[in-house]
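Q: Got a structure for you, written out below as structure tokens; questions coming shortly.
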Amino acid sequence: MAALLGWQGGLGRADLALYDLFSAIAPPAPSDDVVIVAIDEPSLAEIGRWPWRRDVHADLIERISAQSPAAIGLDLLLSEADPDPAVDQRLAGAIHRSGRVVLPVFTVRLPGGQVQPMLPVAPLAAAARALGHVSVEADADGVVRSVFLREGRDGPGGRWWDHFSVALLQVAGRPLPAALPGRRAPAVADSGEAAGTWRRDHWMYIAFAGPGGTYRAVSAADVLRGNVPDQLFRNRVVLVGAASSGLGDVYPTPLTGHALYTPGVEVSANIAGDLLAGSGRLAPLPWQGALFSLMALALFVPVLWRFSPRRSLLQTAAVVPLVLAASALALHLWGLWLPPVAALVVMAGMYLVWNWHRLETATNFLDAEVSRLRQGEIPLRLADASAQTGLQYGVAQGDLVDRRVRALARAAHDLRALHRFVAAVLDSLPDIALVAGEDGRVLMANQAAVDYFGQDAATLRGQGLSALLAHLQPLPGAELRDAQGRIDPALARHGSECRDGRGAEFLLKVGPAADFGGVARTWIVSLVDITRLRLAERKRDEALQFLWHDLRSPQAAVLSLLDLHAADPHDLPTPELLGRIRRHVQRTHALAEGFVQLARAESVALQRQPVDLADVVLDAADDCWSLAHAHQIELRTALPEGEALVLGDRGLLTRAAVNLVHNAVKFSGAGTRVDCSLLQEDGTWRLCVRDQGPGLTPADRERLFERFARGSEPRAEGVGLGLAFTRTVVLRHGGRLELDSTPGVGSEFRILLPADCKQS
């Protein structure tokens, strides 16, 4: 139906109303090459009532010709001879002397339906440079929107005339297309018309520049008085015609307002302007109208197919402006008028029929599903929940659809209750849990998974399991993926250890779930966070290593010294023996003390209170002053005015600062300086300790903050726990520890703490 209506040119007046609306949007500018000499009300008042004597027209042509126009169109009815033949001869003489005058051919429809051309009288027609018809095409509503650029009669004695505007442009020497624009008329043999029938060709819509008065016009009275600029008509197309509504040559056009009309001479001016600018509009060929209607439906049908009735209504409301916009764009960009109403009417009818079909299909489906429920083909696992609703199968009242909807709603209630139960169980699991389908896509996710992946449950659903867990890397010795890189349930069924990009470690397990047929269709994936467990294991291993190696070695050395002394008391003098034993005991004590302090920094709750970092720096400097003085090292402090407050544990912060100052003094040479400074940048306090020691190699810097790590410098005799302690304290206070070191120049350690530091 859409194609048929489009083939036939749309739905008449409704499409024409839209054409008028679209034509008012960005109309073309009037051509500056066309000027109208208007026989208007002031001219009639000055020269006299109409019709004027033809001597007046001759004078008018003479005055216009004096400015050398490109062509003159005398749009006046001159088909009857003047009672005085000499008057016609004088007018013919003026026309002949101008050599550029085009006269109109009017047409009259006789009672039998035949068309009779009305030519100017013989002397005038002979003197004119060309003749052109001035017929315009009025639509069913009486509005002039189009024109045929050629009209005439075939056969013996027949003659064709170009439109008045075409003849004017030809006389003016303006370039025109080799073939006139517009929709062509079929040949006589194709149309079934008899030879000699009046025919019209090159049908074109007129792109009006505006309502009457848009084109430049001067009053005929002003021209006769010579009251016009000298170059007004030079090399321009000049049209002379009636512009007074009382003369009858006026027409309603798309851009005329209520009770306003456009003079016929200005209609011709608009046609000439369109031909000069190439802005004339074409009526669609039948196949173009049909194709446009089908393309509009191509936008509309997917809306019905894919969306619910409510959304399809909204989408339909969006498609309608698109179709209207496409029609308007085709009119303004390509000059092709594509009537849209046929497509819109078919879309409205299709919307109603389609939704009726949807309702019928839904009713049949509900009927079938309720029958299956009654026959027990779909087991309901939560019958008690249905009983609590007070509804019984088959007792709902109402029309057919209402009864089916109510019955299916009770079954859906049972299923929702079951779904809520399963979801609640899944959410209660403390570990990350995902349920994946047979295709490897997530079906359900618990709250722990939502928190870990940072996405809501709706976003997680539908994502591929392999892509979601792609950031997990198996730990050495663990298998996680198959040869194609996919999560392999067979490999992960018994648990596979892996680590994410943040260093958290997990035990990945995949367990199959079975449907009613006992076939595995879904998989339950769990991620058990074992980060704390592995951290505890590493700490246990470090403690065992500490007890086995670091504490055992000094004790074993003391026992060896005592055994040697017992075997030969004179082999090693007693003072030297006691000194060696003392050094081993001191090392054991330092190891134990450092280990205990580090364990306290890692696990004991912080005693938070406002702490002035300036006092911390001063305490650290006082603690290390005697050591610096003994090594002939200058210890300087630079503190800000006022307080430098942070929220933290003063004891731990002071010990961390002491460790940095102590290391700086220990590794500095005699005669050097250690600087301790405190400054604030962007709300962060920076405690800096700079020495002039030997500096650190890149290898030393990489492992300097690890437990029991000591540098390659010969003076690095500590137990390797001081910097690990400092780093732990800083991190627990929400800060960070930085290091800059240049071999041979010195090192700078920086503690950065925010003013509102929070427990890490």
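Residue numbers start at 1 in each chain; chains themselves are named A, B, ... in the order of the structure tokens; ligands are numbered from 1 in the order shown.
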Residues of region 170-274 of chain A within 12 Å of region 133-148 of chain A: nearest atom pair and distance (Å, one decimal) for each, counting only C-alpha atoms, sorted by chain and number, as a tab-separated table?

A:
residue	atom	partner	partner_atom	distance
A:Leu180	CA	A:Phe148	CA	10.3
A:Pro181	CA	A:Phe148	CA	9.9
A:Gly182	CA	A:Phe148	CA	7.9
A:Arg183	CA	A:Phe148	CA	8.9
A:Arg184	CA	A:Phe148	CA	9.5
A:Ala185	CA	A:Phe148	CA	9.8
A:Arg199	CA	A:Phe148	CA	9.7
A:Arg200	CA	A:Phe148	CA	6.0
A:Asp201	CA	A:Phe148	CA	5.7
A:His202	CA	A:Phe148	CA	5.4
A:Trp203	CA	A:Phe148	CA	4.4
A:Met204	CA	A:Ser146	CA	5.5
A:Tyr205	CA	A:Ser146	CA	4.0
A:Ile206	CA	A:Ser146	CA	5.2
A:Ala207	CA	A:Arg145	CA	8.2
A:Phe208	CA	A:Arg145	CA	8.5
A:Gly241	CA	A:Val134	CA	11.7
A:Asp249	CA	A:Val134	CA	11.0
A:Val250	CA	A:Val144	CA	10.1
A:Tyr251	CA	A:Val144	CA	6.6
A:Pro252	CA	A:Val143	CA	5.0
A:Thr253	CA	A:Val144	CA	5.0
A:Pro254	CA	A:Arg145	CA	6.7
A:Leu255	CA	A:Arg145	CA	9.8
A:Thr256	CA	A:Val143	CA	9.6
A:Gly257	CA	A:Val143	CA	11.7
A:Leu260	CA	A:Val143	CA	11.7
A:Tyr261	CA	A:Val143	CA	9.8
A:Thr262	CA	A:Val144	CA	9.5
A:Pro263	CA	A:Val144	CA	11.2
A:Gly264	CA	A:Val134	CA	8.3
A:Val265	CA	A:Val134	CA	9.0
A:Glu266	CA	A:Val134	CA	11.5
A:Val267	CA	A:Val136	CA	8.6
A:Ser268	CA	A:Val134	CA	7.6
A:Ala269	CA	A:Val134	CA	11.3
A:Asn270	CA	A:Ser146	CA	11.0
A:Ile271	CA	A:Val147	CA	8.4
A:Ala272	CA	A:Val147	CA	11.6
A:Asp274	CA	A:Val147	CA	11.7

Q: Take the residues just selected and output them with C-alpha atoms as a PDB file, in the first residue's frame.

A:
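Done, and the output landed in part36.pdb:
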ATOM      1  CA  LEU A 180      14.780  21.998 -19.883  1.00  0.00           C
ATOM      2  CA  PRO A 181      14.349  20.738 -16.306  1.00  0.00           C
ATOM      3  CA  GLY A 182      11.180  19.172 -15.009  1.00  0.00           C
ATOM      4  CA  ARG A 183       9.294  15.929 -15.277  1.00  0.00           C
ATOM      5  CA  ARG A 184       8.736  14.898 -18.866  1.00  0.00           C
ATOM      6  CA  ALA A 185       5.317  14.118 -20.306  1.00  0.00           C
ATOM      7  CA  ARG A 199      -0.104  18.767 -24.267  1.00  0.00           C
ATOM      8  CA  ARG A 200       2.259  20.069 -21.614  1.00  0.00           C
ATOM      9  CA  ASP A 201       5.855  19.060 -20.871  1.00  0.00           C
ATOM     10  CA  HIS A 202       8.706  19.757 -18.389  1.00  0.00           C
ATOM     11  CA  TRP A 203       6.615  19.947 -15.223  1.00  0.00           C
ATOM     12  CA  MET A 204       8.518  21.807 -12.509  1.00  0.00           C
ATOM     13  CA  TYR A 205       7.658  22.996  -9.019  1.00  0.00           C
ATOM     14  CA  ILE A 206       8.400  26.694  -8.456  1.00  0.00           C
ATOM     15  CA  ALA A 207      10.783  27.546  -5.615  1.00  0.00           C
ATOM     16  CA  PHE A 208       9.152  30.817  -4.590  1.00  0.00           C
ATOM     17  CA  GLY A 241       2.842  43.398 -15.683  1.00  0.00           C
ATOM     18  CA  ASP A 249      -3.893  38.680 -12.472  1.00  0.00           C
ATOM     19  CA  VAL A 250      -3.010  37.385  -8.965  1.00  0.00           C
ATOM     20  CA  TYR A 251      -2.648  33.867  -7.565  1.00  0.00           C
ATOM     21  CA  PRO A 252      -2.328  32.183  -4.169  1.00  0.00           C
ATOM     22  CA  THR A 253       1.120  30.591  -3.790  1.00  0.00           C
ATOM     23  CA  PRO A 254       2.761  28.507  -1.001  1.00  0.00           C
ATOM     24  CA  LEU A 255       4.365  31.553   0.615  1.00  0.00           C
ATOM     25  CA  THR A 256       1.421  33.962   0.427  1.00  0.00           C
ATOM     26  CA  GLY A 257      -0.277  34.584   3.731  1.00  0.00           C
ATOM     27  CA  LEU A 260      -2.569  37.801   0.148  1.00  0.00           C
ATOM     28  CA  TYR A 261      -1.803  36.870  -3.457  1.00  0.00           C
ATOM     29  CA  THR A 262       1.159  36.939  -5.789  1.00  0.00           C
ATOM     30  CA  PRO A 263       0.828  38.827  -9.101  1.00  0.00           C
ATOM     31  CA  GLY A 264       1.216  36.746 -12.227  1.00  0.00           C
ATOM     32  CA  VAL A 265       4.182  38.844 -13.357  1.00  0.00           C
ATOM     33  CA  GLU A 266       5.976  37.990 -10.087  1.00  0.00           C
ATOM     34  CA  VAL A 267       5.182  34.297 -10.583  1.00  0.00           C
ATOM     35  CA  SER A 268       7.037  34.581 -13.905  1.00  0.00           C
ATOM     36  CA  ALA A 269       9.859  36.404 -12.118  1.00  0.00           C
ATOM     37  CA  ASN A 270      10.178  33.523  -9.631  1.00  0.00           C
ATOM     38  CA  ILE A 271      10.290  31.002 -12.492  1.00  0.00           C
ATOM     39  CA  ALA A 272      13.014  33.025 -14.232  1.00  0.00           C
ATOM     40  CA  ASP A 274      14.712  29.493 -10.437  1.00  0.00           C
TER      41      ASP A 274
END

Q: Tell me which protein, DNA and RNA residues are within 12 Å of region 309-313 of chain A, counting only C-alpha atoms, leaving out same-chain ones fewer than 3 positions away, and put them as a list of chain:residue names.

A: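 What passes the distance filter is A:Leu299, A:Phe300, A:Val301, A:Pro302, A:Val303, A:Leu304, A:Trp305, A:Arg306, A:Thr316, A:Ala317, A:Ala318, A:Val319, A:Val320, A:Met347, A:Ala348, A:Met350, A:Tyr351, A:Leu352, A:Trp354, A:Asn355, A:Trp356, A:His357, A:Arg358, A:Leu359.
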
Q: The selected residues should be written to file as a PDB file, in the first residue's frame (atoms: N, CA and C atoms).

A:
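Result written to again_20.pdb:
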ATOM      1  N   LEU A 299      12.674   2.242   8.067  1.00  0.00           N
ATOM      2  CA  LEU A 299      13.014   2.781   9.380  1.00  0.00           C
ATOM      3  C   LEU A 299      12.011   2.354  10.442  1.00  0.00           C
ATOM      4  N   PHE A 300      10.775   2.155  10.025  1.00  0.00           N
ATOM      5  CA  PHE A 300       9.690   1.951  10.975  1.00  0.00           C
ATOM      6  C   PHE A 300       9.511   0.493  11.385  1.00  0.00           C
ATOM      7  N   VAL A 301       9.655  -0.431  10.436  1.00  0.00           N
ATOM      8  CA  VAL A 301       9.370  -1.842  10.730  1.00  0.00           C
ATOM      9  C   VAL A 301      10.264  -2.390  11.850  1.00  0.00           C
ATOM     10  N   PRO A 302      11.600  -2.101  11.871  1.00  0.00           N
ATOM     11  CA  PRO A 302      12.394  -2.611  13.010  1.00  0.00           C
ATOM     12  C   PRO A 302      11.912  -2.107  14.354  1.00  0.00           C
ATOM     13  N   VAL A 303      11.306  -0.923  14.387  1.00  0.00           N
ATOM     14  CA  VAL A 303      10.774  -0.408  15.655  1.00  0.00           C
ATOM     15  C   VAL A 303       9.669  -1.324  16.169  1.00  0.00           C
ATOM     16  N   LEU A 304       8.761  -1.726  15.282  1.00  0.00           N
ATOM     17  CA  LEU A 304       7.694  -2.637  15.695  1.00  0.00           C
ATOM     18  C   LEU A 304       8.249  -3.997  16.078  1.00  0.00           C
ATOM     19  N   TRP A 305       9.273  -4.424  15.355  1.00  0.00           N
ATOM     20  CA  TRP A 305       9.776  -5.785  15.540  1.00  0.00           C
ATOM     21  C   TRP A 305      10.558  -5.944  16.835  1.00  0.00           C
ATOM     22  N   ARG A 306      11.316  -4.908  17.209  1.00  0.00           N
ATOM     23  CA  ARG A 306      12.285  -5.070  18.284  1.00  0.00           C
ATOM     24  C   ARG A 306      11.802  -4.552  19.642  1.00  0.00           C
ATOM     25  N   THR A 316       8.103   5.351  17.292  1.00  0.00           N
ATOM     26  CA  THR A 316       7.318   5.803  16.140  1.00  0.00           C
ATOM     27  C   THR A 316       7.230   7.324  16.135  1.00  0.00           C
ATOM     28  N   ALA A 317       7.027   7.889  17.324  1.00  0.00           N
ATOM     29  CA  ALA A 317       6.990   9.355  17.419  1.00  0.00           C
ATOM     30  C   ALA A 317       8.320   9.973  17.010  1.00  0.00           C
ATOM     31  N   ALA A 318       9.413   9.204  17.127  1.00  0.00           N
ATOM     32  CA  ALA A 318      10.720   9.709  16.687  1.00  0.00           C
ATOM     33  C   ALA A 318      10.933   9.484  15.195  1.00  0.00           C
ATOM     34  N   VAL A 319      10.339   8.402  14.633  1.00  0.00           N
ATOM     35  CA  VAL A 319      10.517   8.120  13.209  1.00  0.00           C
ATOM     36  C   VAL A 319       9.759   9.131  12.360  1.00  0.00           C
ATOM     37  N   VAL A 320       8.582   9.549  12.822  1.00  0.00           N
ATOM     38  CA  VAL A 320       7.770  10.495  12.032  1.00  0.00           C
ATOM     39  C   VAL A 320       8.557  11.772  11.719  1.00  0.00           C
ATOM     40  N   MET A 347       2.229   3.909   7.995  1.00  0.00           N
ATOM     41  CA  MET A 347       2.876   3.595   9.272  1.00  0.00           C
ATOM     42  C   MET A 347       1.859   3.580  10.408  1.00  0.00           C
ATOM     43  N   ALA A 348       0.945   4.555  10.429  1.00  0.00           N
ATOM     44  CA  ALA A 348      -0.066   4.582  11.485  1.00  0.00           C
ATOM     45  C   ALA A 348      -0.954   3.343  11.424  1.00  0.00           C
ATOM     46  N   MET A 350      -0.182   0.498  10.050  1.00  0.00           N
ATOM     47  CA  MET A 350       0.622  -0.683  10.365  1.00  0.00           C
ATOM     48  C   MET A 350       0.841  -0.811  11.873  1.00  0.00           C
ATOM     49  N   TYR A 351       1.010   0.338  12.553  1.00  0.00           N
ATOM     50  CA  TYR A 351       1.187   0.306  13.997  1.00  0.00           C
ATOM     51  C   TYR A 351      -0.031  -0.326  14.677  1.00  0.00           C
ATOM     52  N   LEU A 352      -1.229   0.076  14.237  1.00  0.00           N
ATOM     53  CA  LEU A 352      -2.447  -0.473  14.842  1.00  0.00           C
ATOM     54  C   LEU A 352      -2.584  -1.966  14.555  1.00  0.00           C
ATOM     55  N   TRP A 354      -0.254  -4.126  13.691  1.00  0.00           N
ATOM     56  CA  TRP A 354       0.817  -4.910  14.313  1.00  0.00           C
ATOM     57  C   TRP A 354       0.544  -5.138  15.799  1.00  0.00           C
ATOM     58  N   ASN A 355       0.116  -4.094  16.492  1.00  0.00           N
ATOM     59  CA  ASN A 355      -0.131  -4.261  17.922  1.00  0.00           C
ATOM     60  C   ASN A 355      -1.371  -5.112  18.175  1.00  0.00           C
ATOM     61  N   TRP A 356      -2.336  -5.076  17.254  1.00  0.00           N
ATOM     62  CA  TRP A 356      -3.451  -6.028  17.375  1.00  0.00           C
ATOM     63  C   TRP A 356      -2.913  -7.444  17.234  1.00  0.00           C
ATOM     64  N   HIS A 357      -2.014  -7.653  16.287  1.00  0.00           N
ATOM     65  CA  HIS A 357      -1.428  -8.979  16.110  1.00  0.00           C
ATOM     66  C   HIS A 357      -0.632  -9.390  17.346  1.00  0.00           C
ATOM     67  N   ARG A 358       0.099  -8.443  17.929  1.00  0.00           N
ATOM     68  CA  ARG A 358       0.848  -8.744  19.154  1.00  0.00           C
ATOM     69  C   ARG A 358      -0.105  -9.192  20.264  1.00  0.00           C
ATOM     70  N   LEU A 359      -1.200  -8.469  20.422  1.00  0.00           N
ATOM     71  CA  LEU A 359      -2.151  -8.814  21.473  1.00  0.00           C
ATOM     72  C   LEU A 359      -2.721 -10.204  21.241  1.00  0.00           C
TER      73      LEU A 359
END

Q: Where does DSSP see strand (DSSP E) in region 193-433 of chain A, if you list the residues as a VMD selection string?

A: chain A and resid 198 to 205 217 to 219 237 to 242 250 to 251 262 to 263 281 to 282 432 to 433

Q: Please identify all polymer residues within 8 Å of Glu62 (chain A), counting only C-alpha atoms, omitting same-chain residues fewer than 3 positions from it, and present them as a PyMOL selection string.

A: chain A and resi 58-59+65-66+94+98

Q: Report the distance between CA of Leu653 (chain A) and CA of Gln680 (chain A) in Å, rounded to one decimal place.

A: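 Here the two named atoms are 17.1 Å from each other.
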
Q: Mind checking which residues fall within 12 Å of Ser68 (chain A), counting only C-alpha atoms, ignoring those fewer than 2 positions away in the same chain, and posting them as a list in words?

A: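 Surrounding residues, per the criterion: Ile61, Glu62, Arg63, Ile64, Ser65, Ala66, Ala70, Ala71, Ile72, Arg97, Ser98, Gly99, Arg100, Val101, Ala172, Asp230, Gln231, Leu232, Phe233, Arg234, Asn235, Arg236, Val237 and Val238 of chain A.
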
Q: Grab the residues selected above and save them as a PDB file, in the first residue's frame with C-alpha atoms.

A:
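That gives us out08.pdb:
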ATOM      1  CA  ILE A  61       8.926  50.173 -23.685  1.00  0.00           C
ATOM      2  CA  GLU A  62      10.865  53.108 -25.120  1.00  0.00           C
ATOM      3  CA  ARG A  63      11.927  54.325 -21.671  1.00  0.00           C
ATOM      4  CA  ILE A  64      12.949  50.846 -20.503  1.00  0.00           C
ATOM      5  CA  SER A  65      14.816  50.136 -23.758  1.00  0.00           C
ATOM      6  CA  ALA A  66      16.794  53.340 -23.300  1.00  0.00           C
ATOM      7  CA  ALA A  70      18.810  42.166 -21.610  1.00  0.00           C
ATOM      8  CA  ALA A  71      15.142  41.391 -22.336  1.00  0.00           C
ATOM      9  CA  ILE A  72      11.705  42.918 -21.768  1.00  0.00           C
ATOM     10  CA  ARG A  97      13.020  49.064 -32.185  1.00  0.00           C
ATOM     11  CA  SER A  98      13.728  47.484 -28.825  1.00  0.00           C
ATOM     12  CA  GLY A  99      14.405  44.114 -30.420  1.00  0.00           C
ATOM     13  CA  ARG A 100      14.256  42.386 -27.047  1.00  0.00           C
ATOM     14  CA  VAL A 101      10.557  42.238 -26.225  1.00  0.00           C
ATOM     15  CA  ALA A 172      18.523  37.774 -22.762  1.00  0.00           C
ATOM     16  CA  ASP A 230      19.959  55.319 -14.825  1.00  0.00           C
ATOM     17  CA  GLN A 231      21.396  51.810 -14.599  1.00  0.00           C
ATOM     18  CA  LEU A 232      18.432  50.046 -13.012  1.00  0.00           C
ATOM     19  CA  PHE A 233      17.427  48.040 -16.126  1.00  0.00           C
ATOM     20  CA  ARG A 234      20.813  47.740 -17.785  1.00  0.00           C
ATOM     21  CA  ASN A 235      21.533  44.134 -18.838  1.00  0.00           C
ATOM     22  CA  ARG A 236      18.689  42.853 -16.659  1.00  0.00           C
ATOM     23  CA  VAL A 237      15.552  40.874 -17.426  1.00  0.00           C
ATOM     24  CA  VAL A 238      12.633  43.299 -17.058  1.00  0.00           C
TER      25      VAL A 238
END

Q: Which residues, written as a PDB file with all heavy atoms, in the first residue's frame, have at least one atom at most 12 Å from Arg225 (chain A), with only C-alpha atoms counted and residues fewer than 6 positions away on the same chain left out?

A:
ATOM      1  N   SER A  43       0.260  53.761 -10.056  1.00  0.00           N
ATOM      2  CA  SER A  43       0.293  53.964 -11.509  1.00  0.00           C
ATOM      3  C   SER A  43      -1.114  54.169 -12.048  1.00  0.00           C
ATOM      4  O   SER A  43      -1.358  55.037 -12.911  1.00  0.00           O
ATOM      5  CB  SER A  43       0.961  52.766 -12.182  1.00  0.00           C
ATOM      6  OG  SER A  43       2.288  52.611 -11.735  1.00  0.00           O
ATOM      7  N   GLU A  46      -2.324  57.602 -11.205  1.00  0.00           N
ATOM      8  CA  GLU A  46      -1.677  58.703 -11.929  1.00  0.00           C
ATOM      9  C   GLU A  46      -2.008  58.693 -13.413  1.00  0.00           C
ATOM     10  O   GLU A  46      -2.248  59.744 -14.019  1.00  0.00           O
ATOM     11  CB  GLU A  46      -0.162  58.613 -11.730  1.00  0.00           C
ATOM     12  CG  GLU A  46       0.600  59.738 -12.421  1.00  0.00           C
ATOM     13  CD  GLU A  46       2.078  59.715 -12.064  1.00  0.00           C
ATOM     14  OE1 GLU A  46       2.423  59.178 -10.980  1.00  0.00           O
ATOM     15  OE2 GLU A  46       2.878  60.241 -12.851  1.00  0.00           O
ATOM     16  N   ILE A  47      -2.046  57.509 -14.033  1.00  0.00           N
ATOM     17  CA  ILE A  47      -2.203  57.425 -15.491  1.00  0.00           C
ATOM     18  C   ILE A  47      -3.668  57.276 -15.879  1.00  0.00           C
ATOM     19  O   ILE A  47      -4.115  57.733 -16.927  1.00  0.00           O
ATOM     20  CB  ILE A  47      -1.345  56.274 -16.044  1.00  0.00           C
ATOM     21  CG1 ILE A  47       0.125  56.560 -15.737  1.00  0.00           C
ATOM     22  CG2 ILE A  47      -1.560  56.086 -17.534  1.00  0.00           C
ATOM     23  CD1 ILE A  47       1.051  55.418 -16.056  1.00  0.00           C
ATOM     24  N   VAL A  56       0.660  54.389 -24.188  1.00  0.00           N
ATOM     25  CA  VAL A  56       1.354  54.389 -22.887  1.00  0.00           C
ATOM     26  C   VAL A  56       2.323  53.213 -22.812  1.00  0.00           C
ATOM     27  O   VAL A  56       3.468  53.340 -22.355  1.00  0.00           O
ATOM     28  CB  VAL A  56       0.331  54.338 -21.734  1.00  0.00           C
ATOM     29  CG1 VAL A  56       1.048  54.260 -20.385  1.00  0.00           C
ATOM     30  CG2 VAL A  56      -0.590  55.544 -21.778  1.00  0.00           C
ATOM     31  N   ASP A  59       5.349  53.986 -24.907  1.00  0.00           N
ATOM     32  CA  ASP A  59       6.240  54.908 -24.199  1.00  0.00           C
ATOM     33  C   ASP A  59       7.019  54.173 -23.104  1.00  0.00           C
ATOM     34  O   ASP A  59       8.212  54.409 -22.887  1.00  0.00           O
ATOM     35  CB  ASP A  59       5.416  56.051 -23.615  1.00  0.00           C
ATOM     36  CG  ASP A  59       6.283  57.165 -23.042  1.00  0.00           C
ATOM     37  OD1 ASP A  59       7.490  57.200 -23.366  1.00  0.00           O
ATOM     38  OD2 ASP A  59       5.757  57.980 -22.265  1.00  0.00           O
ATOM     39  N   LEU A  60       6.325  53.263 -22.405  1.00  0.00           N
ATOM     40  CA  LEU A  60       6.974  52.494 -21.336  1.00  0.00           C
ATOM     41  C   LEU A  60       8.110  51.645 -21.893  1.00  0.00           C
ATOM     42  O   LEU A  60       9.214  51.578 -21.319  1.00  0.00           O
ATOM     43  CB  LEU A  60       5.921  51.620 -20.644  1.00  0.00           C
ATOM     44  CG  LEU A  60       6.297  50.979 -19.316  1.00  0.00           C
ATOM     45  CD1 LEU A  60       6.649  52.039 -18.273  1.00  0.00           C
ATOM     46  CD2 LEU A  60       5.145  50.112 -18.817  1.00  0.00           C
ATOM     47  N   ARG A  63      11.139  53.868 -22.826  1.00  0.00           N
ATOM     48  CA  ARG A  63      11.927  54.325 -21.671  1.00  0.00           C
ATOM     49  C   ARG A  63      12.751  53.181 -21.060  1.00  0.00           C
ATOM     50  O   ARG A  63      13.885  53.380 -20.629  1.00  0.00           O
ATOM     51  CB  ARG A  63      10.995  54.932 -20.624  1.00  0.00           C
ATOM     52  CG  ARG A  63      10.410  56.269 -21.071  1.00  0.00           C
ATOM     53  CD  ARG A  63       9.550  56.877 -19.984  1.00  0.00           C
ATOM     54  NE  ARG A  63       9.046  58.176 -20.383  1.00  0.00           N
ATOM     55  CZ  ARG A  63       9.700  59.335 -20.238  1.00  0.00           C
ATOM     56  NH1 ARG A  63      10.908  59.326 -19.689  1.00  0.00           N
ATOM     57  NH2 ARG A  63       9.156  60.468 -20.619  1.00  0.00           N
ATOM     58  N   ILE A  64      12.179  51.984 -21.031  1.00  0.00           N
ATOM     59  CA  ILE A  64      12.949  50.846 -20.503  1.00  0.00           C
ATOM     60  C   ILE A  64      14.085  50.500 -21.450  1.00  0.00           C
ATOM     61  O   ILE A  64      15.231  50.251 -21.043  1.00  0.00           O
ATOM     62  CB  ILE A  64      12.024  49.637 -20.285  1.00  0.00           C
ATOM     63  CG1 ILE A  64      10.979  49.946 -19.199  1.00  0.00           C
ATOM     64  CG2 ILE A  64      12.835  48.407 -19.884  1.00  0.00           C
ATOM     65  CD1 ILE A  64       9.926  48.873 -19.044  1.00  0.00           C
ATOM     66  N   VAL A 218       9.570  48.340  -9.510  1.00  0.00           N
ATOM     67  CA  VAL A 218       9.432  49.795  -9.582  1.00  0.00           C
ATOM     68  C   VAL A 218       8.074  50.093 -10.208  1.00  0.00           C
ATOM     69  O   VAL A 218       7.548  49.323 -11.018  1.00  0.00           O
ATOM     70  CB  VAL A 218      10.561  50.442 -10.402  1.00  0.00           C
ATOM     71  CG1 VAL A 218      11.885  50.267  -9.714  1.00  0.00           C
ATOM     72  CG2 VAL A 218      10.607  49.870 -11.804  1.00  0.00           C
ATOM     73  N   SER A 219       7.490  51.197  -9.848  1.00  0.00           N
ATOM     74  CA  SER A 219       6.172  51.566 -10.360  1.00  0.00           C
ATOM     75  C   SER A 219       6.279  52.024 -11.806  1.00  0.00           C
ATOM     76  O   SER A 219       7.229  52.720 -12.203  1.00  0.00           O
ATOM     77  CB  SER A 219       5.571  52.682  -9.496  1.00  0.00           C
ATOM     78  OG  SER A 219       4.330  53.101 -10.015  1.00  0.00           O
TER      79      SER A 219
END

Q: Please, what distance in Å, to one decimal, runs between CA of Arg538 (chain A) and CA of Leu723 (chain A)?

A: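 So the two atoms, CA of Arg538 (chain A) and CA of Leu723 (chain A), lie 18.9 Å apart.
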
Q: Name the closest residue to Pro339 (chain A) among the candidates A:Phe749, A:Phe667, A:Trp160, A:Phe292; distances are taken between atoms, counting only C-alpha atoms.

A: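 Ranking A:Phe749, A:Phe667, A:Trp160, A:Phe292 by distance to Pro339 (chain A), first place goes to A:Phe292.
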
Q: Go through A:Ser747, A:Ser293, A:Ser308, A:Asn227 one by one, measure the shortest atom-to-atom distance of each to Pro694 (chain A) using only C-alpha atoms, and give the residue with the smallest value.

A: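 Of all the options, A:Ser747 lies closest to Pro694 (chain A).
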